[in-house]
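Enquirer: Coordinates in work_28.txt, compact mmCIF, C-alpha atoms and all ligand atoms, are listed below.
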```txt
# COMPACT_ATOMS: atom_id res chain seq x y z
CA MET A 224 -14.16 46.57 -92.91
CA THR A 225 -12.66 49.16 -90.66
CA LEU A 226 -11.13 48.39 -87.28
CA ALA A 227 -13.84 50.41 -85.60
CA SER A 228 -16.51 48.31 -87.22
CA ILE A 229 -15.01 44.88 -86.19
CA THR A 230 -14.06 45.78 -82.53
CA PRO A 231 -17.58 45.10 -81.09
CA ILE A 232 -17.65 41.76 -82.94
CA LEU A 233 -14.22 40.76 -81.51
CA LEU A 234 -15.21 41.78 -77.97
CA THR A 235 -18.44 39.78 -78.21
CA ALA A 236 -16.46 36.71 -79.44
CA VAL A 237 -13.97 36.99 -76.50
CA VAL A 238 -16.82 37.24 -73.94
CA VAL A 239 -18.56 34.20 -75.48
CA LEU A 240 -15.33 32.16 -75.36
CA LEU A 241 -14.70 33.09 -71.70
CA LEU A 242 -18.26 32.15 -70.72
CA ALA A 243 -17.95 28.80 -72.51
CA ALA A 244 -14.65 28.01 -70.77
CA ALA A 245 -16.12 28.86 -67.34
CA ALA A 246 -19.14 26.64 -67.98
CA ALA A 247 -16.86 23.72 -68.97
CA VAL A 248 -14.83 24.02 -65.72
CA THR A 249 -18.01 24.06 -63.59
CA ILE A 250 -19.40 20.99 -65.33
CA ARG A 251 -16.06 19.11 -64.88
CA ARG A 252 -15.90 19.91 -61.15
CA ARG A 253 -19.50 18.81 -60.56
CA GLY A 254 -18.83 15.59 -62.45
CA ALA A 255 -15.77 14.80 -60.33
CA ALA A 256 -17.57 15.60 -57.07
CA SER A 257 -20.61 13.53 -57.89
CA GLN A 258 -18.35 10.51 -58.48
CA ASP A 259 -17.38 10.40 -54.78
CA GLY A 260 -20.92 11.25 -53.89
CA SER A 261 -20.08 14.22 -51.75
CA ALA A 262 -21.24 17.24 -53.66
CA SER A 263 -24.89 16.67 -54.35
CA GLU A 264 -25.93 18.74 -51.32
CA PRO A 265 -26.44 22.41 -51.92
CA THR A 266 -23.79 24.49 -50.16
CA SER A 267 -24.89 26.93 -47.48
CA SER A 268 -23.76 30.52 -47.30
CA ILE A 269 -21.57 29.72 -44.23
CA GLU A 270 -19.91 26.93 -46.18
CA GLN A 271 -19.37 29.25 -49.10
CA GLU A 272 -17.73 31.70 -46.74
CA HIS A 273 -15.64 29.32 -44.52
CA GLY A 274 -15.52 26.09 -46.51
CA THR A 275 -17.68 22.93 -46.13
CA ARG A 276 -18.31 21.16 -42.75
CA ASP A 277 -15.82 18.48 -43.78
CA ASP A 278 -13.29 21.18 -44.60
CA LEU A 279 -13.83 22.71 -41.14
CA LEU A 280 -13.37 19.40 -39.35
CA GLU A 281 -10.33 18.55 -41.36
CA SER A 282 -8.75 21.93 -40.85
CA LYS A 283 -9.06 21.49 -37.06
CA ASP A 284 -8.03 17.85 -37.27
CA GLU A 285 -11.34 16.83 -35.75
CA ARG A 286 -12.56 14.70 -38.57
CA VAL A 287 -11.18 11.39 -37.37
CA PRO A 288 -12.49 11.47 -33.81
CA VAL A 289 -15.89 12.84 -34.76
CA ALA A 290 -16.46 10.60 -37.75
CA ARG A 291 -14.74 7.38 -36.70
CA GLU A 292 -14.38 7.08 -32.92
CA PRO A 293 -16.14 3.85 -31.93
CA LEU A 294 -18.58 3.96 -29.01
CA GLU A 295 -16.90 0.95 -27.40
CA PRO A 296 -13.13 0.37 -27.36
CA SER A 297 -12.03 -2.07 -30.03
CA PRO A 298 -11.20 -5.62 -28.86
CA GLU A 299 -7.47 -4.99 -29.30
CA VAL A 300 -7.61 -2.04 -26.90
CA PRO A 301 -9.35 -3.31 -23.78
CA ARG A 302 -10.99 -0.81 -21.44
CA GLU A 303 -8.47 -1.68 -18.67
CA VAL A 304 -5.74 0.05 -20.64
CA ALA A 305 -7.42 3.35 -20.00
CA THR A 306 -7.34 2.90 -16.21
CA PRO A 307 -4.15 4.37 -14.79
CA LEU A 308 -4.01 2.10 -11.74
CA ARG A 309 -4.28 -0.99 -13.87
CA ASP A 310 -1.56 0.34 -16.09
CA GLN A 311 0.66 0.59 -13.06
CA MET A 312 -0.04 -2.94 -11.91
CA PRO A 313 2.26 -5.64 -13.27
CA GLU A 314 0.99 -7.62 -16.23
CA THR A 315 0.31 -11.21 -15.36
CA THR A 316 -1.42 -14.16 -16.91
CA ALA A 317 -2.34 -17.64 -15.78
CA ALA A 318 0.26 -18.87 -18.25
CA ASP A 319 3.12 -17.19 -16.35
CA LEU A 320 6.00 -19.57 -15.84
CA VAL A 321 6.01 -21.24 -12.46
CA PRO A 322 9.09 -19.93 -10.66
CA THR A 323 11.50 -22.00 -8.56
CA VAL A 324 12.94 -21.15 -5.18
CA GLU A 325 16.40 -21.83 -6.58
CA ALA A 326 16.08 -19.21 -9.33
CA SER A 327 14.46 -16.72 -6.96
CA MET A 328 17.20 -16.97 -4.35
CA ALA A 329 20.13 -16.42 -6.71
CA LYS A 330 21.20 -13.19 -5.02
CA SER A 331 21.22 -14.60 -1.49
CA ARG A 332 23.10 -17.64 -2.76
CA GLY A 333 25.64 -15.32 -4.34
CA LEU A 334 26.67 -14.16 -0.86
CA PHE A 335 27.53 -17.69 0.23
CA ALA A 336 29.21 -18.39 -3.12
CA SER A 337 31.50 -15.40 -2.43
CA PHE A 338 32.28 -16.78 1.01
CA ARG A 339 33.17 -20.13 -0.57
CA ALA A 340 35.39 -18.50 -3.16
CA ALA A 341 37.16 -16.36 -0.54
CA ARG A 342 37.85 -19.28 1.80
CA ARG A 343 38.76 -21.75 -0.92
CA LEU A 344 41.78 -23.87 0.05
CA ARG A 345 42.20 -22.12 3.39
CA GLY A 346 41.82 -23.53 6.89
CA ILE A 347 39.48 -22.08 9.49
CA ASP A 348 40.96 -18.96 11.09
CA SER A 349 39.68 -15.71 12.59
CA GLU A 350 39.01 -14.33 9.10
CA THR A 351 36.80 -17.30 8.34
CA TRP A 352 34.56 -16.42 11.28
CA GLU A 353 34.48 -12.74 10.37
CA GLU A 354 33.55 -13.50 6.79
CA LEU A 355 30.93 -16.05 7.74
CA GLU A 356 29.41 -13.65 10.25
CA ALA A 357 29.35 -10.85 7.66
CA THR A 358 27.78 -13.17 5.10
CA LEU A 359 25.01 -14.27 7.48
CA LEU A 360 24.30 -10.66 8.46
CA ARG A 361 24.24 -9.51 4.84
CA ALA A 362 21.81 -12.31 4.06
CA ASP A 363 19.66 -10.81 6.84
CA VAL A 364 19.76 -13.77 9.19
CA GLY A 365 19.80 -11.23 12.02
CA VAL A 366 22.28 -10.58 14.82
CA ALA A 367 20.77 -12.85 17.46
CA THR A 368 20.30 -15.85 15.16
CA THR A 369 23.74 -15.39 13.59
CA LYS A 370 25.34 -15.54 17.04
CA VAL A 371 23.53 -18.76 17.89
CA LEU A 372 24.48 -20.37 14.57
CA LEU A 373 28.15 -19.34 14.86
CA ALA A 374 28.32 -20.67 18.42
CA THR A 375 27.08 -24.07 17.20
CA LEU A 376 29.71 -24.11 14.45
CA GLN A 377 32.49 -23.06 16.86
CA GLU A 378 31.59 -25.98 19.10
CA GLY A 379 31.98 -28.28 16.12
CA VAL A 380 35.43 -26.89 15.34
CA ALA A 381 36.50 -27.15 19.00
CA SER A 382 35.43 -30.78 19.14
CA GLY A 383 37.40 -31.50 15.96
CA THR A 384 34.42 -32.50 13.79
CA LEU A 385 34.69 -29.46 11.48
CA SER A 386 37.95 -28.43 9.87
CA THR A 387 37.22 -26.74 6.51
CA SER A 388 34.95 -23.95 5.28
CA GLU A 389 32.91 -26.51 3.39
CA ASP A 390 32.46 -28.39 6.69
CA LEU A 391 31.15 -25.16 8.19
CA LEU A 392 28.60 -24.67 5.42
CA ARG A 393 27.54 -28.29 5.60
CA HIS A 394 26.99 -27.96 9.33
CA LEU A 395 25.26 -24.62 8.87
CA ARG A 396 22.80 -26.41 6.60
CA VAL A 397 22.08 -28.96 9.33
CA ALA A 398 21.73 -26.22 11.98
CA LEU A 399 19.32 -24.21 9.80
CA LEU A 400 17.18 -27.25 9.07
CA ALA A 401 17.10 -28.08 12.78
CA GLN A 402 15.85 -24.59 13.45
CA PHE A 403 13.07 -24.90 10.87
CA GLU A 404 12.24 -28.26 12.37
CA ALA A 405 11.27 -26.51 15.60
CA LEU A 406 8.15 -25.06 13.93
CA GLU A 407 7.52 -28.00 11.64
CA GLU A 408 4.46 -29.20 13.52
CA THR A 409 2.65 -25.89 13.03
CA ARG A 410 3.80 -25.49 9.44
CA GLN A 411 0.87 -26.88 7.46
CA ARG A 412 1.57 -26.85 3.77
CA GLU A 413 -2.01 -25.96 2.93
CA LEU A 414 -4.16 -23.22 4.38
CA ALA A 415 -6.83 -24.46 6.76
CA PHE A 416 -10.59 -24.61 6.20
CA THR A 417 -13.21 -24.85 8.90
CA GLN A 418 -14.41 -28.32 9.89
CA ASP A 419 -17.90 -26.97 10.59
CA PRO A 420 -20.11 -27.55 7.52
CA GLU A 421 -22.34 -24.63 8.54
CA ALA A 422 -19.45 -22.17 8.85
CA VAL A 423 -17.52 -20.05 6.34
CA SER A 424 -13.71 -20.12 6.51
CA VAL A 425 -12.04 -16.72 6.73
CA TRP A 426 -8.39 -16.03 5.93
CA LEU A 427 -7.26 -12.63 7.15
CA VAL A 428 -4.21 -11.04 5.57
CA VAL A 429 -2.38 -8.44 7.66
CA GLY A 430 0.90 -6.51 7.57
CA VAL A 431 2.37 -3.03 7.31
CA ASN A 432 1.73 -0.95 4.22
CA GLY A 433 3.36 -1.85 0.95
CA VAL A 434 4.59 -5.32 1.95
CA GLY A 435 2.43 -7.07 -0.66
CA LYS A 436 -0.80 -8.01 1.15
CA THR A 437 -3.16 -7.31 -1.75
CA THR A 438 -0.86 -8.97 -4.26
CA THR A 439 -0.56 -12.02 -2.00
CA ILE A 440 -4.35 -12.22 -1.66
CA GLY A 441 -4.62 -12.28 -5.46
CA LYS A 442 -2.06 -15.09 -5.64
CA LEU A 443 -3.70 -17.06 -2.81
CA ALA A 444 -7.15 -16.63 -4.35
CA ASN A 445 -5.82 -17.96 -7.64
CA ARG A 446 -4.18 -20.90 -5.90
CA ALA A 447 -7.31 -21.82 -3.93
CA THR A 448 -9.53 -21.40 -7.02
CA LEU A 449 -7.27 -23.71 -9.03
CA GLN A 450 -7.55 -26.24 -6.21
CA GLY A 451 -11.31 -26.18 -6.74
CA HIS A 452 -12.41 -23.92 -3.88
CA LYS A 453 -15.00 -21.18 -4.29
CA VAL A 454 -13.28 -18.01 -3.10
CA LEU A 455 -14.73 -14.60 -2.21
CA MET A 456 -12.40 -11.66 -1.59
CA ALA A 457 -13.32 -8.87 0.85
CA ALA A 458 -11.79 -5.42 0.25
CA GLY A 459 -11.15 -4.64 3.90
CA ASP A 460 -8.65 -1.87 3.15
CA THR A 461 -10.93 1.16 2.98
CA PHE A 462 -8.17 3.53 4.10
CA ARG A 463 -6.22 3.72 0.85
CA ALA A 464 -8.34 5.11 -1.98
CA ALA A 465 -7.21 2.74 -4.75
CA ALA A 466 -7.09 -0.44 -2.63
CA GLY A 467 -10.56 -1.70 -3.61
CA GLU A 468 -9.92 -1.23 -7.31
CA GLN A 469 -6.56 -2.99 -6.98
CA LEU A 470 -8.25 -5.98 -5.35
CA GLU A 471 -10.89 -6.05 -8.08
CA THR A 472 -8.18 -6.27 -10.71
CA TRP A 473 -6.72 -9.25 -8.87
CA GLY A 474 -10.25 -10.66 -8.70
CA GLU A 475 -10.46 -10.53 -12.50
CA ARG A 476 -7.06 -12.16 -12.87
CA ALA A 477 -7.78 -14.91 -10.38
CA ASP A 478 -11.38 -15.29 -11.60
CA THR A 479 -12.65 -14.59 -8.10
CA ASP A 480 -15.54 -12.43 -6.83
CA VAL A 481 -14.88 -9.37 -4.66
CA VAL A 482 -17.04 -7.60 -2.06
CA ARG A 483 -16.27 -3.89 -1.88
CA GLY A 484 -17.58 -1.08 0.28
CA ALA A 485 -17.38 2.69 0.18
CA ALA A 486 -13.98 4.33 0.55
CA GLY A 487 -13.45 5.27 4.18
CA GLY A 488 -16.15 2.81 5.27
CA ASP A 489 -15.97 0.33 8.13
CA PRO A 490 -13.73 -2.61 7.12
CA SER A 491 -15.40 -4.92 9.65
CA ALA A 492 -18.76 -4.27 7.99
CA ILE A 493 -17.31 -5.24 4.60
CA VAL A 494 -15.87 -8.46 6.00
CA TYR A 495 -19.23 -9.16 7.69
CA ASP A 496 -21.10 -8.58 4.41
CA ALA A 497 -18.68 -10.86 2.59
CA ILE A 498 -19.24 -13.63 5.13
CA GLN A 499 -23.04 -13.30 4.81
CA ARG A 500 -22.77 -13.45 1.06
CA ALA A 501 -20.37 -16.39 1.22
CA LYS A 502 -22.82 -18.26 3.43
CA ALA A 503 -25.79 -17.48 1.17
CA ARG A 504 -24.00 -18.37 -2.04
CA LYS A 505 -21.94 -21.27 -0.75
CA TYR A 506 -18.43 -19.90 -1.06
CA ASP A 507 -15.78 -21.98 0.74
CA VAL A 508 -13.63 -19.15 1.98
CA VAL A 509 -13.51 -15.37 2.41
CA LEU A 510 -10.07 -13.90 1.82
CA ALA A 511 -9.97 -10.53 3.58
CA ASP A 512 -7.60 -7.70 2.71
CA THR A 513 -6.78 -5.19 5.44
CA ALA A 514 -5.19 -1.75 5.59
CA GLY A 515 -1.46 -1.54 6.25
CA ARG A 516 -1.62 1.96 7.59
CA LEU A 517 -4.12 4.00 9.56
CA HIS A 518 -3.84 7.37 11.25
CA ASN A 519 -1.74 5.72 13.94
CA LYS A 520 -0.58 2.33 15.11
CA VAL A 521 -3.10 2.09 17.94
CA ASN A 522 -5.98 2.60 15.48
CA LEU A 523 -4.59 -0.06 13.21
CA VAL A 524 -4.19 -2.61 15.97
CA GLU A 525 -7.66 -1.87 17.35
CA GLU A 526 -9.21 -2.14 13.92
CA LEU A 527 -7.53 -5.48 13.24
CA LYS A 528 -8.79 -6.83 16.54
CA LYS A 529 -12.31 -5.71 15.62
CA ILE A 530 -12.13 -7.25 12.13
CA ARG A 531 -10.98 -10.50 13.65
CA ARG A 532 -13.77 -10.48 16.24
CA VAL A 533 -16.42 -9.81 13.62
CA ALA A 534 -14.97 -12.33 11.17
CA ASP A 535 -14.95 -15.03 13.83
CA LYS A 536 -18.66 -14.69 14.66
CA ALA A 537 -20.86 -17.45 13.23
CA PRO A 538 -21.14 -18.27 10.44
CA GLY A 539 -17.60 -16.83 10.07
CA ASN A 540 -14.65 -18.87 11.31
CA VAL A 541 -11.15 -17.38 11.07
CA THR A 542 -8.95 -20.35 10.20
CA GLU A 543 -5.85 -18.42 9.07
CA VAL A 544 -4.31 -15.05 9.88
CA LEU A 545 -1.39 -14.51 7.53
CA LEU A 546 1.21 -11.90 8.32
CA VAL A 547 2.87 -10.56 5.18
CA ILE A 548 6.49 -9.43 5.53
CA ASP A 549 8.61 -7.77 2.83
CA ALA A 550 11.98 -9.55 2.61
CA THR A 551 13.74 -6.44 1.35
CA THR A 552 13.04 -4.63 4.62
CA GLY A 553 13.61 -7.76 6.69
CA GLN A 554 14.86 -6.77 10.14
CA ASN A 555 12.78 -3.57 10.14
CA ALA A 556 9.61 -5.31 9.10
CA LEU A 557 10.34 -7.84 11.80
CA GLN A 558 10.05 -5.15 14.45
CA GLN A 559 6.78 -3.89 12.99
CA ALA A 560 5.45 -7.41 12.68
CA ARG A 561 5.54 -7.82 16.45
CA ALA A 562 2.67 -5.33 16.77
CA PHE A 563 0.54 -7.49 14.48
CA THR A 564 1.31 -10.70 16.31
CA GLU A 565 0.14 -9.02 19.50
CA ALA A 566 -3.10 -7.77 17.91
CA VAL A 567 -4.20 -10.94 16.13
CA ALA A 568 -3.12 -14.53 16.60
CA VAL A 569 -1.01 -14.96 13.46
CA THR A 570 -0.99 -18.49 12.03
CA GLY A 571 1.71 -18.03 9.44
CA VAL A 572 3.99 -15.66 7.58
CA VAL A 573 4.09 -14.95 3.87
CA LEU A 574 7.50 -13.54 2.99
CA THR A 575 7.26 -11.46 -0.17
CA LYS A 576 9.78 -9.99 -2.63
CA LEU A 577 12.39 -12.71 -2.18
CA ASP A 578 13.05 -12.41 -5.89
CA GLY A 579 15.90 -10.05 -6.56
CA SER A 580 16.68 -9.63 -2.87
CA ALA A 581 19.89 -10.89 -1.27
CA LYS A 582 18.12 -10.99 2.08
CA GLY A 583 16.63 -14.47 1.96
CA GLY A 584 18.14 -15.24 5.36
CA VAL A 585 15.39 -13.21 6.98
CA VAL A 586 13.24 -16.36 6.85
CA VAL A 587 15.53 -17.81 9.53
CA ALA A 588 15.23 -14.69 11.70
CA ILE A 589 11.44 -14.59 11.36
CA GLU A 590 11.02 -18.13 12.61
CA ALA A 591 13.60 -17.76 15.35
CA GLU A 592 12.48 -14.37 16.60
CA LEU A 593 8.73 -14.37 15.97
CA GLY A 594 8.18 -18.08 16.48
CA ILE A 595 5.74 -18.15 13.54
CA PRO A 596 6.14 -20.58 10.65
CA VAL A 597 6.82 -19.16 7.20
CA ARG A 598 4.14 -20.74 5.00
CA PHE A 599 4.62 -19.11 1.60
CA ILE A 600 7.21 -17.04 -0.18
CA GLY A 601 6.46 -14.39 -2.78
CA VAL A 602 8.90 -14.44 -5.66
CA GLY A 603 7.46 -11.91 -8.11
CA GLU A 604 4.51 -9.75 -9.02
CA GLY A 605 2.65 -12.31 -11.14
CA LEU A 606 -0.28 -14.57 -10.33
CA ASN A 607 1.91 -17.67 -10.02
CA ASP A 608 4.78 -16.07 -8.13
CA LEU A 609 3.92 -17.65 -4.80
CA LEU A 610 5.65 -20.78 -3.52
CA VAL A 611 4.92 -23.03 -0.58
CA PHE A 612 7.84 -22.66 1.82
CA GLU A 613 9.83 -25.89 1.92
CA PRO A 614 12.74 -25.73 4.41
CA GLN A 615 15.03 -28.16 2.55
CA ALA A 616 14.64 -26.56 -0.85
CA PHE A 617 15.02 -23.16 0.78
CA VAL A 618 18.27 -24.00 2.60
CA ASP A 619 19.71 -25.59 -0.55
CA ALA A 620 18.81 -22.51 -2.55
CA LEU A 621 20.29 -20.22 0.11
CA LEU A 622 23.63 -21.97 0.65
CA GLY A 623 24.22 -23.51 -2.76
CA SER A 624 26.24 -26.66 -3.08
CA GLU A 625 29.45 -26.12 -5.03
CA PRO A 626 32.18 -27.98 -3.20
CA VAL A 627 35.21 -26.06 -1.95
CA GLY A 628 38.28 -27.27 -3.80
N1 LIG B 1 9.12 -8.34 -6.79
C1 LIG B 1 8.04 -8.56 -6.04
N2 LIG B 1 7.14 -7.57 -5.88
C2 LIG B 1 6.06 -7.81 -5.10
C3 LIG B 1 5.83 -9.07 -4.48
N3 LIG B 1 4.68 -8.98 -3.79
C4 LIG B 1 4.20 -7.73 -3.96
N4 LIG B 1 5.03 -7.01 -4.75
C5 LIG B 1 4.90 -5.60 -5.16
O1 LIG B 1 4.91 -4.79 -4.00
C6 LIG B 1 4.10 -3.64 -4.21
C7 LIG B 1 3.11 -3.48 -3.06
O2 LIG B 1 2.20 -4.56 -3.11
P1 LIG B 1 0.72 -4.48 -2.51
O3 LIG B 1 0.13 -5.83 -2.70
O4 LIG B 1 -0.01 -3.32 -3.03
O5 LIG B 1 1.08 -4.23 -0.98
P2 LIG B 1 0.06 -3.96 0.22
O6 LIG B 1 0.68 -4.58 1.42
O7 LIG B 1 -1.29 -4.42 -0.13
O8 LIG B 1 0.14 -2.38 0.32
P3 LIG B 1 -0.90 -1.41 1.10
O9 LIG B 1 -2.26 -1.77 0.61
O10 LIG B 1 -0.46 -0.04 0.69
O11 LIG B 1 -0.72 -1.62 2.55
C8 LIG B 1 3.44 -3.80 -5.56
O12 LIG B 1 4.18 -3.08 -6.51
C9 LIG B 1 3.57 -5.30 -5.83
O13 LIG B 1 3.61 -5.61 -7.22
C10 LIG B 1 6.82 -10.11 -4.69
O14 LIG B 1 6.75 -11.23 -4.17
N5 LIG B 1 7.90 -9.79 -5.48
MG MG B 2 -3.09 -3.43 -0.14
```
Written as structure tokens, how would this file's structure read?
Expert:
Amino acid sequence: MTLASITPILLTAVVVLLLAAAAAVTIRRRGAASQDGSASEPTSSIEQEHGTRDDLLESKDERVPVAREPLEPSPEVPREVATPLRDQMPETTAADLVPTVEASMAKSRGLFASFRAARRLRGIDSETWEELEATLLRADVGVATTKVLLATLQEGVASGTLSTSEDLLRHLRVALLAQFEALEETRQRELAFTQDPEAVSVWLVVGVNGVGKTTTIGKLANRATLQGHKVLMAAGDTFRAAAGEQLETWGERADTDVVRGAAGGDPSAIVYDAIQRAKARKYDVVLADTAGRLHNKVNLVEELKKIRRVADKAPGNVTEVLLVIDATTGQNALQQARAFTEAVAVTGVVLTKLDGSAKGGVVVAIEAELGIPVRFIGVGEGLNDLLVFEPQAFVDALLGSEPVG
């Protein structure tokens, strides 16, 4: 056989071998694809050109959201998490530890502990008075009240009954308690309900912006609910956009219903609606939030007067007006608080943010200068961080009790 005669035969054999190999590869690929069940569909011309739909999704990293995103959030990721305002609000649960006034007043007590340490083993001299005055002012007892307290102590020294720094602190304790005693008759431990069986009790909560009104309402609602009362909250702050939503979050936490109106609406109308609803559905009390800021002070005062008037019309009966004051801005807030006491007859003060503040002495100034009893103290951002104000426990927590050596 010549080379020329076998060349066509060789070429034919090579072509046959190549075709056989190609067929084997195609069969293997189909077999593998059909095992994961994904390749039985015929491929379109677009897919042939750009890849399959799955390839497209994967290449743009869209496969997971398109294919797997659940319609509802999973139980581990509650819907609240997606709401920015709720994210910003402090986490709190009914199982929060119940705080103590002693733990909450550690910073204020530190001031008096420093005074003790500085005056240890020394008699009473001019420095003693300077340091005691500075300590009282730093604790935010206020200039006027500090003067009165120091005068009482100086009398004791002059009459020979007080001769050491520890004597001074002991007497200060007595003087502070005597001052709290002055308002003891009006200081009910529990918030009042109407005596009229046909009426609905209303508790109004007022104060300048940011002092903790809405937070306090949440805590009070929780407290009253745990005591067995049926509580309805009224979102009377229509001035600040997020105020209604914030109150609703507290409603969920405290397991309490909330009546809301449109943003920018009339707060008195919302309080009125809440009272009607409370009457119809037999709620015991309407807890009304109010704005802390309006376009100007006159507007705010006029609006509060109107809310109070409306809330006090039958079947509504305003049994408490609580003025919320922020301890960290003590003497300043005190000035602002006067405007509120003129607008609405305040029945008690809630002093917030005592936790972490060294200004616990402002309680003394509030009672002395505003003549209104402090009823509750706020000691944190959680549901349970509200304590009934007890003068004895408060004074003990403020002054501490380590003896001077
Ligand atoms: N540490 C501490 N923070 C508090 C306390 N009470 C309130 N706050 C915080 O103070 C801030 C303001 O509280 P709000 O309840 O919104 O105050 P508000 O008076 O309703 O404010 P406006 O609606 O703007 O007038 C929030 O961050 C609260 O978590 C408290 O007793 N202790
Ligand atoms: Mg508020």
Enquirer: Find the residues near ligand LIG 1 (chain B). Use a cut-off of 9 Å, count all atoms listed in the file, and write them as a PyMOL selection string.
Expert: chain A and resi 311-313+429-441+460+462-463+465-466+469-470+512-516+547-550+574-580+600-605+608-609
Enquirer: Calculated over all atoms listed in the file, which of the candidates A:Val397, A:Ala415, A:Ala326, A:Ala458 has the smallest distance to ligand MG 2 (chain B)?
Expert: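 The shortest atom-to-atom distance to ligand MG 2 (chain B) comes from A:Ala458.
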Enquirer: I want to know what sits within 10 Å of A:Met328, based on all atoms listed in the file, with residues of the same chain fewer than 5 positions away left out; could you give that as a PDB file with C-alpha atoms, in the frame of the given file?
Expert:
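Output file around_36.pdb follows:
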```
ATOM      1  CA  THR A 323      11.500 -22.000  -8.560  1.00  0.00           C
ATOM      2  CA  GLY A 333      25.640 -15.320  -4.340  1.00  0.00           C
ATOM      3  CA  LEU A 577      12.390 -12.710  -2.180  1.00  0.00           C
ATOM      4  CA  ASP A 578      13.050 -12.410  -5.890  1.00  0.00           C
ATOM      5  CA  GLY A 579      15.900 -10.050  -6.560  1.00  0.00           C
ATOM      6  CA  SER A 580      16.680  -9.630  -2.870  1.00  0.00           C
ATOM      7  CA  ALA A 581      19.890 -10.890  -1.270  1.00  0.00           C
ATOM      8  CA  LYS A 582      18.120 -10.990   2.080  1.00  0.00           C
ATOM      9  CA  GLY A 583      16.630 -14.470   1.960  1.00  0.00           C
ATOM     10  CA  GLY A 584      18.140 -15.240   5.360  1.00  0.00           C
ATOM     11  CA  VAL A 602       8.900 -14.440  -5.660  1.00  0.00           C
ATOM     12  CA  PHE A 617      15.020 -23.160   0.780  1.00  0.00           C
ATOM     13  CA  VAL A 618      18.270 -24.000   2.600  1.00  0.00           C
ATOM     14  CA  ASP A 619      19.710 -25.590  -0.550  1.00  0.00           C
ATOM     15  CA  ALA A 620      18.810 -22.510  -2.550  1.00  0.00           C
ATOM     16  CA  LEU A 621      20.290 -20.220   0.110  1.00  0.00           C
ATOM     17  CA  LEU A 622      23.630 -21.970   0.650  1.00  0.00           C
ATOM     18  CA  GLY A 623      24.220 -23.510  -2.760  1.00  0.00           C
TER      19      GLY A 623
END
```
Enquirer: May I ask which of the residues A:Leu334, A:Ala405, A:Leu557, A:Ala511 is the closest one to A:Glu354, counting only C-alpha atoms?
Expert: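 For A:Glu354, the nearest of the candidates is A:Leu334.
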Enquirer: Would you list the contacts of A:Thr369 as a CSV table (one decimal) with C-alpha atoms, keeping the file's coordinate frame, taking every protein, DNA or RNA residue within 8 Å and counting only C-alpha atoms, but skipping same-chain residues closer than 6 positions in sequence?
Expert:
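Output saved as part-v6.csv:
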```
chain,number,residue,atom,x,y,z
A,356,GLU,CA,29.4,-13.6,10.2
A,359,LEU,CA,25.0,-14.3,7.5
A,360,LEU,CA,24.3,-10.7,8.5
```
Enquirer: Closest to A:Glu378 among A:Ala464, A:Val586, A:Leu391, A:Leu400, using all atoms listed in the file?
Expert: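 Among A:Ala464, A:Val586, A:Leu391, A:Leu400, it is A:Leu391 that comes nearest to A:Glu378.
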Enquirer: What does the distance between atom CA of A:Ala362 and atom CA of A:Gln554 come to in Å, to one decimal place?
Expert: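 It comes out at 10.8 Å.
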Enquirer: For atom CA of A:Glu471 and atom CA of A:Leu455, quote the distance in Å rounded to one decimal.
Expert: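 Atom CA of A:Leu455 lies 11.1 Å from atom CA of A:Glu471.
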Enquirer: Tell me which of A:Ser337, A:Glu590, A:Leu344, A:Ala374 sits closest to A:Ala357, counting all atoms listed in the file.
Expert: A:Ser337
Enquirer: Which of these, A:Asn522, A:Thr479, A:Thr358, A:Thr570, has the shortest distance to A:Glu413 once you count only C-alpha atoms?
Expert: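 Answer, going by the shortest atom-to-atom distance: A:Thr570.
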Enquirer: Please compute the atom CA of A:Leu376-atom CA of A:Glu353 distance, one decimal, in Å.
Expert: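 Pair atom CA of A:Leu376 / atom CA of A:Glu353 returns 13.0 Å.
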Enquirer: Render stretch 500-519 of chain A from the structure in the preceding block as a file of C-alpha atoms, as a compact mmCIF listing (two decimals), in the first residue's frame.
Expert:
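Okay, part-v2.txt is ready:
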```
# COMPACT_ATOMS: atom_id res chain seq x y z
CA ARG A 500 -62.80 55.05 74.38
CA ALA A 501 -61.77 54.45 77.99
CA LYS A 502 -65.35 55.07 79.10
CA ALA A 503 -66.80 52.78 76.43
CA ARG A 504 -64.35 49.96 77.04
CA LYS A 505 -64.02 50.30 80.79
CA TYR A 506 -60.42 51.37 81.14
CA ASP A 507 -59.50 52.64 84.63
CA VAL A 508 -57.16 55.40 83.59
CA VAL A 509 -55.95 57.41 80.60
CA LEU A 510 -52.26 58.27 80.75
CA ALA A 511 -51.71 61.27 78.49
CA ASP A 512 -48.38 62.22 76.93
CA THR A 513 -47.86 65.87 76.00
CA ALA A 514 -45.39 67.82 73.88
CA GLY A 515 -42.35 69.28 75.59
CA ARG A 516 -41.81 71.93 72.98
CA LEU A 517 -44.03 73.99 70.72
CA HIS A 518 -43.29 76.97 68.51
CA ASN A 519 -43.04 79.08 71.64
```
